[in-house]
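Asker: My structure file entry.cif, mmCIF, C-alpha atoms, is below:
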```cif
data_run
loop_
_atom_site.label_atom_id
_atom_site.label_comp_id
_atom_site.auth_asym_id
_atom_site.auth_seq_id
_atom_site.Cartn_x
_atom_site.Cartn_y
_atom_site.Cartn_z
CA MET A 1 136.87 116.47 84.94
CA SER A 2 138.83 113.27 85.28
CA ASP A 3 141.19 112.07 82.59
CA TYR A 4 140.18 108.47 83.24
CA LYS A 5 138.50 106.86 80.25
CA TRP A 6 135.40 105.21 81.69
CA GLU A 7 134.96 103.18 78.53
CA GLN A 8 137.76 101.01 79.91
CA PHE A 9 135.13 99.59 82.29
CA TYR A 10 133.17 98.55 79.22
CA GLN A 11 136.23 96.97 77.62
CA PHE A 12 136.96 95.06 80.82
CA ALA A 13 133.36 93.83 81.00
CA ALA A 14 133.47 92.64 77.40
CA SER A 15 136.78 90.86 77.99
CA LEU A 16 135.26 88.90 80.89
CA ILE A 17 132.53 87.55 78.65
CA GLN A 18 134.84 86.93 75.69
CA SER A 19 137.01 84.74 77.89
CA ASN A 20 134.19 82.15 77.76
CA SER A 21 134.79 81.18 81.36
CA HIS A 22 131.03 80.82 81.92
CA LYS A 23 131.57 81.70 85.58
CA GLU A 24 128.66 83.41 87.23
CA THR A 25 131.02 85.79 89.03
CA ASP A 26 132.44 86.98 85.70
CA SER A 27 128.93 87.58 84.38
CA ARG A 28 127.98 89.57 87.47
CA ILE A 29 131.14 91.68 87.33
CA ALA A 30 130.70 92.23 83.59
CA THR A 31 127.17 93.59 84.04
CA SER A 32 128.26 95.82 86.91
CA ARG A 33 131.24 97.28 85.03
CA ALA A 34 129.17 97.73 81.85
CA TYR A 35 126.59 99.72 83.80
CA TYR A 36 129.23 101.93 85.38
CA ALA A 37 130.86 102.58 82.01
CA ALA A 38 127.51 103.76 80.64
CA TYR A 39 126.71 105.69 83.83
CA HIS A 40 129.97 107.65 83.77
CA GLN A 41 129.64 108.51 80.07
CA ALA A 42 126.08 109.66 80.78
CA TRP A 43 127.32 111.78 83.68
CA ILE A 44 129.97 113.43 81.48
CA PHE A 45 127.33 114.23 78.87
CA ALA A 46 124.81 115.56 81.38
CA GLN A 47 127.44 117.83 82.93
CA SER A 48 128.31 119.17 79.48
CA ARG A 49 124.63 120.10 79.02
CA ASP A 50 123.63 121.22 82.50
CA ARG A 51 125.97 122.90 84.96
CA LYS A 52 123.55 122.13 87.83
CA MET A 53 124.42 118.45 87.59
CA ASN A 54 126.98 118.71 90.38
CA ARG A 55 124.38 119.78 92.94
CA GLU A 56 121.00 118.49 91.89
CA TYR A 57 121.59 115.09 90.29
CA ILE A 58 124.33 113.52 92.35
CA THR A 59 122.71 110.08 92.62
CA HIS A 60 122.25 107.34 90.04
CA LYS A 61 118.51 107.85 90.26
CA GLY A 62 118.96 111.59 89.79
CA LEU A 63 121.11 111.20 86.69
CA ILE A 64 118.67 108.77 85.14
CA GLN A 65 115.81 111.13 85.97
CA TRP A 66 117.67 114.00 84.29
CA PHE A 67 117.69 112.02 81.04
CA LEU A 68 114.04 111.01 81.43
CA ASP A 69 113.08 114.66 82.06
CA GLN A 70 114.43 115.85 78.69
CA GLN A 71 110.95 116.21 77.20
CA THR A 72 112.06 117.79 73.93
CA GLU A 73 114.76 115.23 73.14
CA SER A 74 113.48 111.70 72.71
CA GLN A 75 116.99 110.31 72.21
CA LEU A 76 117.94 111.48 75.70
CA GLN A 77 114.79 109.94 77.14
CA THR A 78 115.66 106.67 75.42
CA ILE A 79 119.14 106.81 76.96
CA GLY A 80 117.50 107.37 80.35
CA GLN A 81 115.21 104.38 79.89
CA SER A 82 118.10 102.16 78.80
CA LEU A 83 120.29 103.34 81.66
CA GLN A 84 117.46 102.68 84.11
CA ALA A 85 117.02 99.11 82.84
CA LEU A 86 120.77 98.53 82.94
CA LYS A 87 120.90 99.84 86.51
CA LEU A 88 118.24 97.34 87.57
CA SER A 89 120.30 94.57 86.03
CA ARG A 90 123.41 95.86 87.82
CA VAL A 91 121.54 95.82 91.13
CA HIS A 92 120.55 92.20 90.46
CA ALA A 93 124.14 91.30 89.59
CA ASP A 94 125.58 93.04 92.66
CA TYR A 95 123.03 92.24 95.33
CA ARG A 96 120.62 89.41 94.45
CA PRO A 97 121.60 85.83 95.24
CA ASN A 98 119.44 84.23 92.53
CA HIS A 99 121.29 82.79 89.54
CA PHE A 100 122.75 85.27 87.04
CA ILE A 101 123.38 83.77 83.61
CA GLN A 102 126.03 84.70 81.09
CA SER A 103 123.50 85.51 78.37
CA LYS A 104 122.12 88.25 80.62
CA ALA A 105 125.59 89.76 80.94
CA VAL A 106 126.07 89.57 77.17
CA HIS A 107 122.77 91.44 76.72
CA ASP A 108 123.75 94.05 79.34
CA ILE A 109 127.12 94.65 77.69
CA GLY A 110 125.34 95.20 74.39
CA GLU A 111 122.96 97.69 76.01
CA ALA A 112 125.86 99.54 77.62
CA GLN A 113 127.61 99.72 74.26
CA LYS A 114 124.51 101.27 72.68
CA ILE A 115 124.23 103.85 75.46
CA ILE A 116 127.92 104.74 75.23
CA ALA A 117 127.80 105.01 71.43
CA ALA A 118 124.73 107.27 71.54
CA ILE A 119 126.30 109.50 74.17
CA ASN A 120 129.62 109.69 72.33
CA THR A 121 127.79 110.72 69.18
CA LEU A 122 125.99 113.44 71.12
CA LEU A 123 129.23 114.56 72.79
CA ASN A 124 130.93 114.79 69.39
CA ASN A 125 128.02 116.83 68.04
CA VAL A 126 128.23 119.20 71.02
CA THR A 127 131.96 119.62 70.45
CA LEU A 128 131.49 120.23 66.73
CA THR A 129 128.78 122.84 67.19
CA GLU A 130 130.45 124.86 69.94
#
```
Just give me the structure of the file as structure tokens.

Answerer:
Amino acid sequence: MSDYKWEQFYQFAASLIQSNSHKETDSRIATSRAYYAAYHQAWIFAQSRDRKMNREYITHKGLIQWFLDQQTESQLQTIGQSLQALKLSRVHADYRPNHFIQSKAVHDIGEAQKIIAAINTLLNNVTLTE
């Protein structure tokens, strides 16, 4: 496992919005980095729960599906739904030419923060109970 702290992507995204530049490029980058911060935290959690993650869920879609498939844990399904919505926003930010407004990036950063906080709580609970 990497020693890189993926939450730094989140911090970078938040700093772009806090700069109040109101540049569309900053908003697009902020959404993209916020998604990847949440994605990597989700990946770390999923690997801690399921050793098959390396082989079977190597795509973004696969990781999201892993969370959605956790039938007995509604919190994990909620994380999957949130991650899926954030991914769609990231795709818009990265690939769609239509206007991308700062308020959307602010919303996406907030969603990423919620995902990361929920996952970190779960990771801490896993560590405490092992």

Asker: Go through A:Ser48, A:Ser21, A:Ala14, A:Ser27 one by one, measure the shortest atom-to-atom distance of each to Gln102 (chain A) using all atoms listed in the file, and give the residue with the smallest value.

Answerer: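 Once distances to Gln102 (chain A) are computed over all atoms listed in the file, the minimum belongs to A:Ser27.
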
Asker: Could you tell me how far CA of Asp108 (chain A) lies from CA of His22 (chain A), in Å and to one decimal?

Answerer: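 These two atoms are separated by 15.3 Å.
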
Asker: Have a look at CA of Phe12 (chain A) and CA of Ile29 (chain A) and let me know their distance in Å, one decimal.

Answerer: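 Here the two named atoms are 9.4 Å from each other.
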
Asker: Work out how far apart CA of Gln81 (chain A) and CA of Glu24 (chain A) are and give it in Å to one decimal.

Answerer: 26.0 Å

Asker: Please write as a list in words the full residue list that the PyMOL selection byres ((chain A and resi 32) around 8) yields on this file.

Answerer: Arg28, Ile29, Ala30, Thr31, Arg33, Ala34, Tyr35, Tyr36, Arg90, Val91, Ala93 and Asp94 of chain A

Asker: Skip Thr78 (chain A) itself and residues of its chain fewer than 5 positions away, then list as a list in words all residues within 12 Å of it, counting all atoms listed in the file.

Answerer: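 Once the adjacent positions are removed, what remains is Ile64, Gln65, Trp66, Phe67, Leu68, Asp69, Gln70, Gln71, Thr72, Glu73, Leu83, Gln84, Ala85, Glu111, Lys114, Ile115, Ala118 and Ile119 of chain A.
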
Asker: Could you give me, as a PDB file with C-alpha atoms, in the frame of the given file, the residues within 10 Å of Ile116 (chain A), counting all atoms listed in the file and dropping anything in the same chain fewer than 5 positions from it?

Answerer:
```
ATOM      1  CA  TRP A   6     135.400 105.210  81.690  1.00  0.00           C
ATOM      2  CA  GLU A   7     134.960 103.180  78.530  1.00  0.00           C
ATOM      3  CA  TYR A  10     133.170  98.550  79.220  1.00  0.00           C
ATOM      4  CA  ALA A  34     129.170  97.730  81.850  1.00  0.00           C
ATOM      5  CA  ALA A  37     130.860 102.580  82.010  1.00  0.00           C
ATOM      6  CA  ALA A  38     127.510 103.760  80.640  1.00  0.00           C
ATOM      7  CA  TYR A  39     126.710 105.690  83.830  1.00  0.00           C
ATOM      8  CA  HIS A  40     129.970 107.650  83.770  1.00  0.00           C
ATOM      9  CA  GLN A  41     129.640 108.510  80.070  1.00  0.00           C
ATOM     10  CA  ALA A  42     126.080 109.660  80.780  1.00  0.00           C
ATOM     11  CA  ILE A  79     119.140 106.810  76.960  1.00  0.00           C
ATOM     12  CA  GLY A 110     125.340  95.200  74.390  1.00  0.00           C
ATOM     13  CA  GLU A 111     122.960  97.690  76.010  1.00  0.00           C
ATOM     14  CA  THR A 121     127.790 110.720  69.180  1.00  0.00           C
ATOM     15  CA  LEU A 122     125.990 113.440  71.120  1.00  0.00           C
TER      16      LEU A 122
END
```

Asker: Take every atom of region 32-49 of chain A listed in the file, pad by 8 Å on each side, and give me the axis-aligned box centre and edge lengths in Å, one decimal, as lines of an AutoDock Vina configuration file.

Answerer:
```
center_x = 127.9
center_y = 108.0
center_z = 82.9
size_x = 22.6
size_y = 40.3
size_z = 24.0
```

Asker: Please determine, counting all atoms listed in the file, which residue among A:Leu86, A:Phe100, A:Arg51, A:Gln11 has the shortest atom-to-atom distance to Thr25 (chain A).

Answerer: A:Phe100

Asker: With only C-alpha atoms as the atoms that count, which of A:Phe45, A:Lys52, A:Ile109, A:Asn98 lies nearest to Leu123 (chain A)?

Answerer: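 Using only C-alpha atoms, Leu123 (chain A) sits closest to A:Phe45.
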
Asker: Using only C-alpha atoms, pick whichever of A:Leu88, A:Asn20, A:Gln77, A:His107 has the shortest atom-to-atom distance to His60 (chain A).

Answerer: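 Of the candidates, the smallest distance to His60 (chain A) is held by A:Leu88.
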